[in-house]
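> Sending over final32.txt (compact mmCIF, C-alpha atoms).
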# COMPACT_ATOMS: atom_id res chain seq x y z
CA MET B 20 0.00 0.00 0.00
CA ASN B 21 1.51 3.34 -0.99
CA PRO B 22 1.47 6.39 1.34
CA HIS B 23 -1.45 7.98 -0.54
CA ASP B 24 -3.58 4.86 -0.23
CA ARG B 25 -2.68 4.53 3.42
CA LEU B 26 -3.81 8.09 4.11
CA ARG B 27 -7.00 7.60 2.08
CA ILE B 28 -7.93 4.45 4.02
CA ASP B 29 -7.05 5.97 7.40
CA LEU B 30 -9.07 9.13 6.82
CA ALA B 31 -12.07 7.18 5.53
CA ALA B 32 -11.81 4.90 8.58
CA ALA B 33 -11.61 7.90 10.92
CA ARG B 34 -14.65 9.45 9.23
CA TYR B 35 -16.41 6.10 9.57
CA LEU B 36 -15.77 5.92 13.32
CA GLU B 37 -16.92 9.53 13.75
CA ALA B 38 -20.10 8.76 11.77
CA LEU B 39 -20.72 5.58 13.81
CA GLU B 40 -20.40 7.48 17.07
CA ARG B 41 -22.71 10.26 15.86
CA ASP B 42 -25.27 7.92 14.23
CA ASP B 43 -24.62 9.83 11.01
CA GLN B 44 -26.31 7.38 8.64
CA ASP B 45 -25.77 9.43 5.46
CA THR B 46 -22.00 9.41 5.92
CA LEU B 47 -22.03 5.70 6.79
CA ASP B 48 -23.98 5.03 3.62
CA GLU B 49 -21.57 7.08 1.53
CA LEU B 50 -18.55 5.31 3.04
CA TRP B 51 -20.03 1.86 2.46
CA ALA B 52 -20.62 2.80 -1.17
CA GLN B 53 -16.89 3.66 -1.37
CA ALA B 54 -15.98 0.37 0.30
CA ALA B 55 -18.01 -1.75 -2.12
CA ASN B 56 -14.98 -2.22 -4.36
CA ASP B 57 -12.26 -1.66 -1.82
CA ALA B 58 -11.24 -4.65 0.28
CA ASP B 59 -8.70 -2.57 2.30
CA LEU B 60 -11.43 -0.16 3.33
CA VAL B 61 -13.76 -3.01 4.32
CA ALA B 62 -10.92 -4.50 6.41
CA ALA B 63 -10.35 -1.13 8.13
CA PHE B 64 -14.08 -0.81 8.91
CA GLU B 65 -14.09 -4.35 10.28
CA GLN B 66 -11.18 -3.52 12.57
CA ILE B 67 -13.18 -0.56 13.88
CA HIS B 68 -16.20 -2.78 14.62
CA ALA B 69 -14.00 -5.26 16.49
CA GLY B 70 -12.29 -2.44 18.42
CA LEU B 71 -15.62 -0.91 19.46
CA LEU B 72 -16.99 -4.24 20.65
CA GLU B 73 -13.81 -4.77 22.65
CA GLU B 74 -14.32 -1.36 24.29
CA ASP B 75 -17.92 -2.31 25.10
CA ALA B 76 -16.82 -5.58 26.67
CA GLU B 77 -14.18 -3.79 28.75
CA LYS B 78 -16.79 -1.27 29.92
CA VAL B 79 -19.22 -4.04 30.93
CA THR B 80 -16.44 -5.74 32.94
CA ALA B 81 -15.35 -2.45 34.55
CA ASP B 82 -18.96 -1.55 35.47
CA ALA B 83 -19.57 -5.00 36.98
CA THR B 84 -16.30 -4.85 38.94
CA ALA B 85 -17.14 -1.39 40.26
CA ALA B 86 -20.65 -2.49 41.27
CA ILE B 87 -19.29 -5.54 43.15
CA ALA B 88 -16.55 -3.47 44.82
CA ASP B 89 -19.09 -0.81 45.89
CA ALA B 90 -21.42 -3.45 47.31
CA ALA B 91 -18.54 -5.14 49.17
CA GLU B 92 -17.35 -1.82 50.62
CA LYS B 93 -20.88 -0.90 51.68
CA HIS B 94 -22.00 -4.21 53.19
CA LEU B 95 -18.74 -5.95 54.18
CA THR B 96 -17.21 -3.11 56.15
CA SER B 97 -14.65 -5.36 57.84
CA GLY B 98 -13.34 -6.50 54.45
CA GLU B 99 -11.00 -4.76 52.07
CA VAL B 100 -11.28 -4.41 48.31
CA VAL B 101 -7.79 -4.81 46.84
CA ARG B 102 -7.76 -2.90 43.56
CA PRO B 103 -5.04 -3.54 41.01
CA THR B 104 -2.71 -0.56 40.95
CA THR B 105 -2.50 1.03 37.54
CA GLY B 106 0.09 3.76 38.09
CA PRO B 107 2.82 4.61 40.56
CA VAL B 108 2.02 4.08 44.25
CA THR B 109 0.79 7.33 45.81
CA VAL B 110 0.75 8.73 49.33
CA GLY B 111 -3.04 8.25 49.33
CA ASP B 112 -2.64 4.54 48.44
CA VAL B 113 -0.28 4.03 51.38
CA ALA B 114 -2.55 5.94 53.80
CA ARG B 115 -5.55 3.85 52.69
CA GLU B 116 -3.54 0.67 53.21
CA LEU B 117 -2.64 1.87 56.74
CA PHE B 118 -6.29 2.71 57.40
CA HIS B 119 -7.28 -0.90 56.65
CA HIS B 120 -4.25 -2.47 58.37
CA THR B 121 -3.48 -0.10 61.22
CA PRO B 122 -0.66 -1.21 63.53
CA GLY B 123 -1.59 -1.06 67.22
CA GLY B 124 -0.36 1.66 69.54
CA LEU B 125 -0.36 4.60 67.15
CA PRO B 126 -1.14 7.90 68.90
CA ALA B 127 -4.15 10.03 67.95
CA ASP B 128 -2.13 12.55 65.94
CA ALA B 129 -0.81 9.67 63.78
CA HIS B 130 -4.40 8.75 62.92
CA GLN B 131 -5.16 12.40 62.11
CA MET B 132 -2.16 12.60 59.80
CA ASN B 133 -3.20 9.34 58.11
CA GLU B 134 -6.74 10.67 57.55
CA ARG B 135 -5.26 13.74 55.89
CA LEU B 136 -2.83 11.79 53.71
CA ARG B 137 -5.61 9.59 52.27
CA LEU B 138 -6.54 12.54 50.05
CA TYR B 139 -3.08 13.07 48.53
CA GLN B 140 -2.20 11.70 45.09
CA ASP B 141 1.53 12.55 45.27
CA GLU B 142 3.79 9.84 43.96
CA LEU B 143 6.12 8.27 46.56
CA PRO B 144 9.82 9.15 46.30
CA GLU B 145 12.14 6.55 44.83
CA ASN B 146 14.20 6.30 48.00
CA LEU B 147 12.12 4.59 50.67
CA GLY B 148 14.88 4.64 53.29
CA LEU B 149 13.37 5.71 56.62
CA SER B 150 15.33 8.92 57.14
CA SER B 151 14.97 10.21 53.57
CA LEU B 152 11.27 9.24 53.48
CA VAL B 153 10.61 11.09 56.76
CA ALA B 154 12.53 14.16 55.53
CA TRP B 155 10.56 14.16 52.25
CA ALA B 156 7.17 13.56 53.91
CA GLU B 157 7.60 16.09 56.73
CA ALA B 158 8.75 18.76 54.27
CA LYS B 159 5.61 18.12 52.24
CA PHE B 160 2.93 17.24 54.79
CA GLY B 161 4.24 18.44 58.15
CA PRO B 162 5.45 16.55 61.25
CA ALA B 163 3.98 13.28 62.53
CA PRO B 164 5.06 10.82 65.27
CA ALA B 165 8.10 8.68 64.41
CA GLU B 166 6.09 5.44 64.80
CA TYR B 167 3.65 6.70 62.16
CA TRP B 168 6.38 7.23 59.59
CA LYS B 169 7.79 3.81 60.41
CA ALA B 170 4.39 2.20 59.75
CA PHE B 171 3.94 4.38 56.66
CA ARG B 172 7.27 3.18 55.28
CA GLN B 173 6.41 -0.49 55.85
CA ALA B 174 3.05 -0.05 54.09
CA ALA B 175 4.74 1.84 51.22
CA ILE B 176 7.24 -1.00 50.67
CA LYS B 177 4.43 -3.58 50.78
CA LEU B 178 2.42 -1.71 48.11
CA ASP B 179 5.51 -1.14 45.99
CA LEU B 180 6.26 -4.88 45.99
CA ARG B 181 2.60 -5.76 45.31
CA GLN B 182 2.54 -3.42 42.32
CA ALA B 183 5.78 -4.82 40.91
CA ALA B 184 4.36 -8.36 41.20
CA GLU B 185 1.10 -7.32 39.48
CA SER B 186 3.00 -5.63 36.64
CA GLU B 187 5.02 -8.80 36.07
CA TYR B 188 1.87 -10.89 36.14
CA HIS B 189 0.12 -8.65 33.58
CA LEU B 190 3.15 -8.74 31.31
CA ALA B 191 3.26 -12.53 31.49
CA ALA B 192 -0.51 -12.87 31.04
CA ARG B 193 -0.67 -10.47 28.09
CA PRO B 194 -2.35 -12.27 25.16
CA ALA B 195 -0.13 -12.77 22.15
CA PRO B 196 -1.31 -10.82 19.09
CA LYS B 197 -3.11 -12.87 16.44
CA PRO B 198 -0.96 -13.87 13.48
CA GLU B 199 -1.15 -11.53 10.50
CA GLY B 200 -3.93 -12.08 8.01
CA ARG B 201 -6.28 -13.91 10.37
CA LYS B 202 -9.74 -12.37 10.56
CA MET K 28 -25.81 -36.93 -18.30
CA ASN K 29 -22.43 -35.99 -19.63
CA PRO K 30 -20.70 -34.08 -16.82
CA ALA K 31 -19.28 -31.64 -19.35
CA THR K 32 -22.78 -30.53 -20.40
CA ALA K 33 -24.39 -30.66 -16.95
CA PRO K 34 -25.80 -27.32 -15.75
CA PRO K 35 -23.80 -25.58 -12.99
CA ARG K 36 -24.82 -26.45 -9.47
CA SER K 37 -27.21 -23.90 -8.03
CA ALA K 38 -25.75 -24.05 -4.53
CA ALA K 39 -24.35 -20.80 -3.20
CA PRO K 40 -20.59 -20.31 -3.57
CA PRO K 41 -18.77 -21.81 -0.58
CA SER K 42 -17.64 -18.42 0.71
CA LEU K 43 -21.27 -17.46 1.46
CA ASP K 44 -21.15 -20.16 4.13
CA ASP K 45 -17.90 -18.82 5.57
CA PRO K 46 -18.45 -18.58 9.37
CA ALA K 47 -15.71 -15.94 9.67
CA LEU K 48 -17.53 -13.70 7.18
CA ARG K 49 -20.82 -14.19 9.03
CA GLU K 50 -19.09 -13.27 12.29
CA ARG K 51 -17.65 -10.09 10.71
CA LEU K 52 -21.13 -9.09 9.53
CA ARG K 53 -22.51 -9.74 12.99
CA THR K 54 -19.74 -7.61 14.51
CA GLN K 55 -20.66 -4.77 12.16
CA ALA K 56 -24.35 -5.08 13.08
CA LEU K 57 -23.50 -5.10 16.81
CA SER K 58 -21.30 -2.03 16.60
CA ARG K 59 -23.81 -0.12 14.46
CA LEU K 60 -26.64 -0.94 16.89
CA ARG K 61 -24.71 0.38 19.92
CA GLY K 62 -26.28 3.82 19.62
CA TRP K 63 -29.85 2.57 19.27
CA ILE K 64 -30.16 -0.49 21.53
CA PRO K 65 -28.33 0.00 24.85
CA ASN K 66 -29.23 -3.43 26.30
CA PRO K 67 -26.43 -5.84 25.20
CA SER K 68 -28.58 -9.00 25.03
CA ALA K 69 -31.38 -7.23 23.11
CA ARG K 70 -28.71 -5.81 20.81
CA ALA K 71 -27.15 -9.24 20.21
CA GLU K 72 -30.57 -10.73 19.40
CA ARG K 73 -31.39 -7.90 16.96
CA ALA K 74 -27.94 -8.19 15.33
CA ASP K 75 -28.57 -11.90 14.68
CA ASP K 76 -31.94 -11.08 13.06
CA ILE K 77 -30.34 -8.41 10.89
CA VAL K 78 -27.55 -10.72 9.71
CA GLN K 79 -30.17 -13.36 8.93
CA GLU K 80 -32.14 -10.83 6.87
CA THR K 81 -28.93 -9.80 5.07
CA TYR K 82 -28.21 -13.40 4.04
CA LEU K 83 -31.80 -13.88 2.92
CA ARG K 84 -31.59 -10.88 0.60
CA ALA K 85 -28.15 -11.89 -0.62
CA VAL K 86 -29.35 -15.39 -1.52
CA GLN K 87 -32.39 -13.92 -3.31
CA ASN K 88 -30.09 -11.65 -5.34
CA LEU K 89 -27.14 -13.99 -5.77
CA GLY K 90 -27.50 -13.80 -9.55
CA LYS K 91 -26.62 -10.10 -9.38
CA PHE K 92 -23.28 -10.70 -7.69
CA ASP K 93 -20.40 -10.01 -10.06
CA PRO K 94 -16.97 -11.02 -8.71
CA ALA K 95 -15.38 -8.65 -11.23
CA LEU K 96 -16.89 -5.70 -9.33
CA GLY K 97 -15.73 -6.68 -5.86
CA ASP K 98 -15.49 -9.54 -3.42
CA LEU K 99 -18.36 -11.32 -1.74
CA GLY K 100 -17.55 -9.78 1.64
CA GLY K 101 -17.94 -6.24 0.32
CA TRP K 102 -21.14 -7.22 -1.49
CA LEU K 103 -22.65 -8.71 1.68
CA HIS K 104 -21.58 -5.70 3.71
CA GLY K 105 -23.52 -3.58 1.20
CA TYR K 106 -26.70 -5.57 1.89
CA LEU K 107 -26.08 -5.41 5.60
CA ASN K 108 -25.73 -1.64 5.37
CA LEU K 109 -29.05 -1.47 3.53
CA VAL K 110 -30.83 -3.55 6.20
CA LEU K 111 -29.24 -1.46 8.95
CA MET K 112 -30.36 1.78 7.26
CA GLU K 113 -33.94 0.48 7.16
CA GLU K 114 -33.66 -0.53 10.81
CA TYR K 115 -32.39 2.93 11.70
CA ARG K 116 -35.30 4.63 9.91
CA LYS K 117 -37.73 2.37 11.78
CA SER K 118 -36.16 3.32 15.11
CA GLY K 119 -37.35 6.92 14.57
CA LYS K 120 -34.04 8.32 15.78
CA GLN K 121 -32.84 11.63 14.43
CA PRO K 122 -29.59 11.46 12.46
CA LYS K 123 -26.75 13.66 13.66
CA PRO K 124 -24.97 15.06 10.62
CA ALA K 125 -21.20 15.46 10.81
CA GLU K 126 -19.80 18.76 12.02
CA HIS K 127 -17.40 20.44 9.58
CA PRO K 128 -17.01 17.46 7.20
CA GLU K 129 -14.81 19.67 5.00
CA ARG K 130 -12.13 19.51 7.70
CA TRP K 131 -11.34 15.92 6.69
CA GLU K 132 -10.29 17.17 3.27
CA ASP K 133 -8.15 19.88 4.90
CA LEU K 134 -6.49 17.22 7.04
CA ARG K 135 -5.85 15.05 3.97
CA ALA K 136 -4.03 17.98 2.37
CA LYS K 137 -1.98 18.61 5.52
CA LEU K 138 -0.96 14.96 5.96
CA ASP K 139 -0.22 14.46 2.28
CA PRO K 140 3.21 12.83 1.90
CA ASN K 141 4.35 15.86 -0.13
CA SER K 142 3.12 18.45 2.35
CA ASN K 143 5.02 20.68 4.74
CA LEU K 144 6.22 18.55 7.67
CA GLU K 145 6.78 21.59 9.89
CA LEU K 146 3.09 22.47 9.75
CA VAL K 147 2.15 18.90 10.70
CA ASN K 148 4.62 18.98 13.61
CA ASP K 149 3.06 22.23 14.85
CA LEU K 150 -0.34 20.55 14.87
CA LEU K 151 1.01 17.41 16.54
CA ASP K 152 2.32 19.53 19.40
CA LYS K 153 -1.27 20.53 20.13
CA ILE K 154 -2.61 17.02 20.73
CA PRO K 155 -1.94 14.75 23.75
CA PRO K 156 1.36 12.79 23.69
CA LYS K 157 -0.38 9.40 23.33
CA ASN K 158 -2.19 10.44 20.14
CA ARG K 159 0.88 12.29 18.85
CA GLU K 160 2.90 9.10 19.20
CA LEU K 161 0.27 7.09 17.32
CA ILE K 162 0.29 9.54 14.39
CA ARG K 163 4.09 9.52 14.32
CA MET K 164 4.22 5.72 14.33
CA ARG K 165 1.76 5.59 11.45
CA TYR K 166 3.03 8.38 9.17
CA LEU K 167 6.67 8.95 10.11
CA THR K 168 7.75 5.42 11.05
CA GLU K 169 5.20 4.04 8.54
CA LEU K 170 3.95 1.20 10.75
CA SER K 171 0.73 -0.62 9.86
CA PRO K 172 -2.11 -0.66 12.44
CA GLU K 173 -1.20 -4.31 13.06
CA GLU K 174 2.43 -3.36 13.81
CA ILE K 175 1.26 -0.53 16.07
CA ALA K 176 -0.99 -3.01 17.88
CA ALA K 177 1.94 -5.38 18.44
CA LYS K 178 4.12 -2.51 19.68
CA LEU K 179 1.49 -1.32 22.16
CA GLY K 180 0.36 -4.83 23.19
CA ILE K 181 -3.25 -4.21 22.12
CA SER K 182 -5.57 -5.79 19.54
CA HIS K 183 -5.65 -4.73 15.87
CA GLY K 184 -9.15 -3.33 16.39
CA ALA K 185 -8.13 -1.28 19.43
CA ALA K 186 -5.12 0.11 17.51
CA ARG K 187 -7.32 1.08 14.56
CA VAL K 188 -9.89 2.78 16.82
CA GLN K 189 -7.18 4.70 18.69
CA LEU K 190 -5.58 5.79 15.43
CA CYS K 191 -8.97 7.02 14.13
CA ARG K 192 -9.55 8.99 17.33
CA ALA K 193 -6.08 10.53 17.08
CA LEU K 194 -6.80 11.59 13.48
CA ALA K 195 -10.18 13.05 14.49
CA GLN K 196 -8.47 15.06 17.20
CA LEU K 197 -5.82 16.28 14.75
CA LYS K 198 -8.62 17.29 12.35
CA ASP K 199 -10.34 19.32 15.08
CA VAL K 200 -7.08 21.00 16.12
CA ALA K 201 -6.22 21.79 12.48
CA GLY K 202 -9.75 23.13 11.88
CA LYS K 203 -9.61 25.39 14.92
CA ALA K 204 -6.14 26.66 13.96
CA GLY K 205 -7.40 27.39 10.43
CA ALA K 206 -10.51 29.19 11.71
CA ARG K 207 -8.45 31.69 13.72
Would you write out, as structure tokens, the structure that this file holds?

Amino acid sequence: MNPHDRLRIDLAAARYLEALERDDQDTLDELWAQAANDADLVAAFEQIHAGLLEEDAEKVTADATAAIADAAEKHLTSGEVVRPTTGPVTVGDVARELFHHTPGGLPADAHQMNERLRLYQDELPENLGLSSLVAWAEAKFGPAPAEYWKAFRQAAIKLDLRQAAESEYHLAARPAPKPEGRK
Amino acid sequence: MNPATAPPRSAAPPSLDDPALRERLRTQALSRLRGWIPNPSARAERADDIVQETYLRAVQNLGKFDPALGDLGGWLHGYLNLVLMEEYRKSGKQPKPAEHPERWEDLRAKLDPNSNLELVNDLLDKIPPKNRELIRMRYLTELSPEEIAAKLGISHGAARVQLCRALAQLKDVAGKAGAR
């Protein structure tokens, strides 16, 4: 396929997706008339259909997962919904982990600090050594009891390890692409 | 009867029975019905009926199929489109015509292989990095949607849809820049 054909197919496909999403039947009709004698265009349209159905299926799964997680959080208050982490571990993730698995003997001001940190989306620093973590956190969020930062660090390392394990699992479980030419 | 003078068999060409082709038609029907029938099981049932109707019409008009004018898949897709158009009219929904369709032609001119690359780069800077990267992979590195899919670890369909969305965004950015 030469560069002109590639551009022609891509733009027709993009118009097709736009028309599908707007229910623009006249444009769909016009594009199908163009595709009648153009197998590459038909193949591009078919890829769009498959892609849209895949998006639908992902949305159905995400909606069902969210509904189950909401119900579990509402009715099984002693339980914990472990969500797969999708990005870097944040301060809020660690504070939520500590909320669910609070070590005994923390003073009241440690709990107050933890409540506050649950709202922060700041990414954790790379260096999770106790002294550098405390220096970083106190500069950002203010002072807290030493035992709180110790518990915070332990929870941060646990989440960091969990995320690394999940990433490896997803990489290993990634489906192999279908061989070329298979429809 | 001498086999050489026997009339041709009237059975449909084997490719009309191709399950992969039927599945592709069903996928088209399902994705076209997304906007009209929100319930997935009702949509799947209606898509099956529509594909059935498409095959019925195709078989009735099989004599009109001319392989010199295109392949059977394209011909069947044409019938499916017709049935879907009728279905859409019956649904009583109001069509939503495209906004600024002329902007697609403007984009074609801007992305033309002989056009000014600097202008395209200016436009690319105005779209999010993910879409910018997709456009670059397609038009600068000249990867196919299948190669892009393999690179990103996604399906061919997802790569095609993302590429289309990136182009639509580039069209809107180019249109807005031109309107100023």
> Taking 4 positions as the minimum chain separation for residues in the same chain, which residues sit within 12 Å of B:Met20 when counting only C-alpha atoms? Answer as a compact mmCIF listing (two decimals) with C-alpha atoms, in the coordinates of the input.

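And here's out_6.txt as it stands now:
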# COMPACT_ATOMS: atom_id res chain seq x y z
CA ASP B 24 -3.58 4.86 -0.23
CA ARG B 25 -2.68 4.53 3.42
CA LEU B 26 -3.81 8.09 4.11
CA ARG B 27 -7.00 7.60 2.08
CA ILE B 28 -7.93 4.45 4.02
CA ASP B 29 -7.05 5.97 7.40
CA ASP B 59 -8.70 -2.57 2.30
CA LEU B 60 -11.43 -0.16 3.33
CA GLU K 169 5.20 4.04 8.54
CA LEU K 170 3.95 1.20 10.75
CA SER K 171 0.73 -0.62 9.86
> Return the neighbours of chain B among the residues of chain K, cut-off 8 Å, counting only C-alpha atoms, as JSON, numbers by chain.
{"K": [47, 51, 54, 55, 57, 58, 59, 62, 96, 97, 98, 101, 102, 104, 105, 108, 112, 122, 123, 124, 125, 131, 135, 138, 139, 140, 173, 176, 177, 180, 181, 182, 183, 184, 185, 186, 187, 188, 190, 191, 192, 194, 195]}
> Can you work out the spacing between atom CA of K:Glu174 and atom CA of K:Leu150 in Å, to one decimal?
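Atom-to-atom, atom CA of K:Glu174 and atom CA of K:Leu150 are spaced 24.1 Å apart.
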> Between atom CA of K:Leu89 and atom CA of K:Asp45, what is the distance in Å, rounded to a tenth?
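Going from atom CA of K:Leu89 over to atom CA of K:Asp45 covers 15.4 Å.
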> Can you work out the spacing between atom CA of K:Arg61 and atom CA of K:Thr81 in Å, to one decimal?
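Value for the atom CA of K:Arg61-atom CA of K:Thr81 distance: 18.5 Å.
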> In terms of the shortest atom-to-atom distance over all atoms listed in the file, which of B:Leu152, B:Leu50, B:Ala90, B:Met132 is closest to B:Ala175?
B:Leu152
> Take stretch 28-56 of chain B, model N, CA and C atoms, and hand the result over as a short mmCIF file (atom, residue, chain, number, x, y, z; two decimals), in the frame of the given file.

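To be explicit, this is the file written out as rebuild.cif:
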data_model
loop_
_atom_site.label_atom_id
_atom_site.label_comp_id
_atom_site.auth_asym_id
_atom_site.auth_seq_id
_atom_site.Cartn_x
_atom_site.Cartn_y
_atom_site.Cartn_z
N ILE B 28 -7.23 5.45 3.19
CA ILE B 28 -7.93 4.45 4.02
C ILE B 28 -8.08 4.96 5.45
N ASP B 29 -7.01 5.52 6.00
CA ASP B 29 -7.05 5.97 7.40
C ASP B 29 -8.08 7.08 7.59
N LEU B 30 -8.12 8.01 6.65
CA LEU B 30 -9.07 9.13 6.82
C LEU B 30 -10.51 8.65 6.64
N ALA B 31 -10.71 7.72 5.69
CA ALA B 31 -12.07 7.18 5.53
C ALA B 31 -12.46 6.40 6.78
N ALA B 32 -11.51 5.66 7.36
CA ALA B 32 -11.81 4.90 8.58
C ALA B 32 -12.12 5.85 9.74
N ALA B 33 -11.36 6.94 9.83
CA ALA B 33 -11.61 7.90 10.92
C ALA B 33 -12.98 8.57 10.75
N ARG B 34 -13.31 8.89 9.50
CA ARG B 34 -14.65 9.45 9.23
C ARG B 34 -15.73 8.45 9.59
N TYR B 35 -15.45 7.17 9.30
CA TYR B 35 -16.41 6.10 9.57
C TYR B 35 -16.68 6.00 11.07
N LEU B 36 -15.60 6.02 11.86
CA LEU B 36 -15.77 5.92 13.32
C LEU B 36 -16.55 7.13 13.84
N GLU B 37 -16.21 8.31 13.32
CA GLU B 37 -16.92 9.53 13.75
C GLU B 37 -18.41 9.40 13.41
N ALA B 38 -18.70 8.91 12.19
CA ALA B 38 -20.10 8.76 11.77
C ALA B 38 -20.82 7.71 12.63
N LEU B 39 -20.12 6.61 12.95
CA LEU B 39 -20.72 5.58 13.81
C LEU B 39 -21.09 6.16 15.17
N GLU B 40 -20.17 6.96 15.73
CA GLU B 40 -20.40 7.48 17.07
C GLU B 40 -21.44 8.59 17.08
N ARG B 41 -21.70 9.20 15.93
CA ARG B 41 -22.71 10.26 15.86
C ARG B 41 -24.02 9.75 15.26
N ASP B 42 -24.08 8.46 14.91
CA ASP B 42 -25.27 7.92 14.23
C ASP B 42 -25.53 8.66 12.92
N ASP B 43 -24.49 9.06 12.25
CA ASP B 43 -24.62 9.83 11.01
C ASP B 43 -24.79 8.84 9.85
N GLN B 44 -26.04 8.45 9.59
CA GLN B 44 -26.31 7.38 8.64
C GLN B 44 -25.95 7.75 7.20
N ASP B 45 -26.08 9.04 6.84
CA ASP B 45 -25.77 9.43 5.46
C ASP B 45 -24.28 9.20 5.16
N THR B 46 -23.45 9.61 6.12
CA THR B 46 -22.00 9.41 5.92
C THR B 46 -21.66 7.93 5.89
N LEU B 47 -22.30 7.15 6.78
CA LEU B 47 -22.03 5.70 6.79
C LEU B 47 -22.39 5.09 5.43
N ASP B 48 -23.53 5.53 4.91
CA ASP B 48 -23.98 5.03 3.62
C ASP B 48 -22.98 5.38 2.51
N GLU B 49 -22.53 6.62 2.55
CA GLU B 49 -21.57 7.08 1.53
C GLU B 49 -20.25 6.27 1.63
N LEU B 50 -19.81 6.03 2.87
CA LEU B 50 -18.55 5.31 3.04
C LEU B 50 -18.68 3.84 2.64
N TRP B 51 -19.86 3.25 2.89
CA TRP B 51 -20.03 1.86 2.46
C TRP B 51 -20.09 1.75 0.94
N ALA B 52 -20.62 2.80 0.30
CA ALA B 52 -20.62 2.80 -1.17
C ALA B 52 -19.18 2.83 -1.67
N GLN B 53 -18.33 3.61 -1.00
CA GLN B 53 -16.89 3.66 -1.37
C GLN B 53 -16.22 2.30 -1.15
N ALA B 54 -16.64 1.62 -0.07
CA ALA B 54 -15.98 0.37 0.30
C ALA B 54 -16.40 -0.81 -0.57
N ALA B 55 -17.48 -0.62 -1.34
CA ALA B 55 -18.01 -1.75 -2.12
C ALA B 55 -16.94 -2.43 -2.96
N ASN B 56 -16.02 -1.63 -3.52
CA ASN B 56 -14.98 -2.22 -4.36
C ASN B 56 -13.59 -2.04 -3.75
#
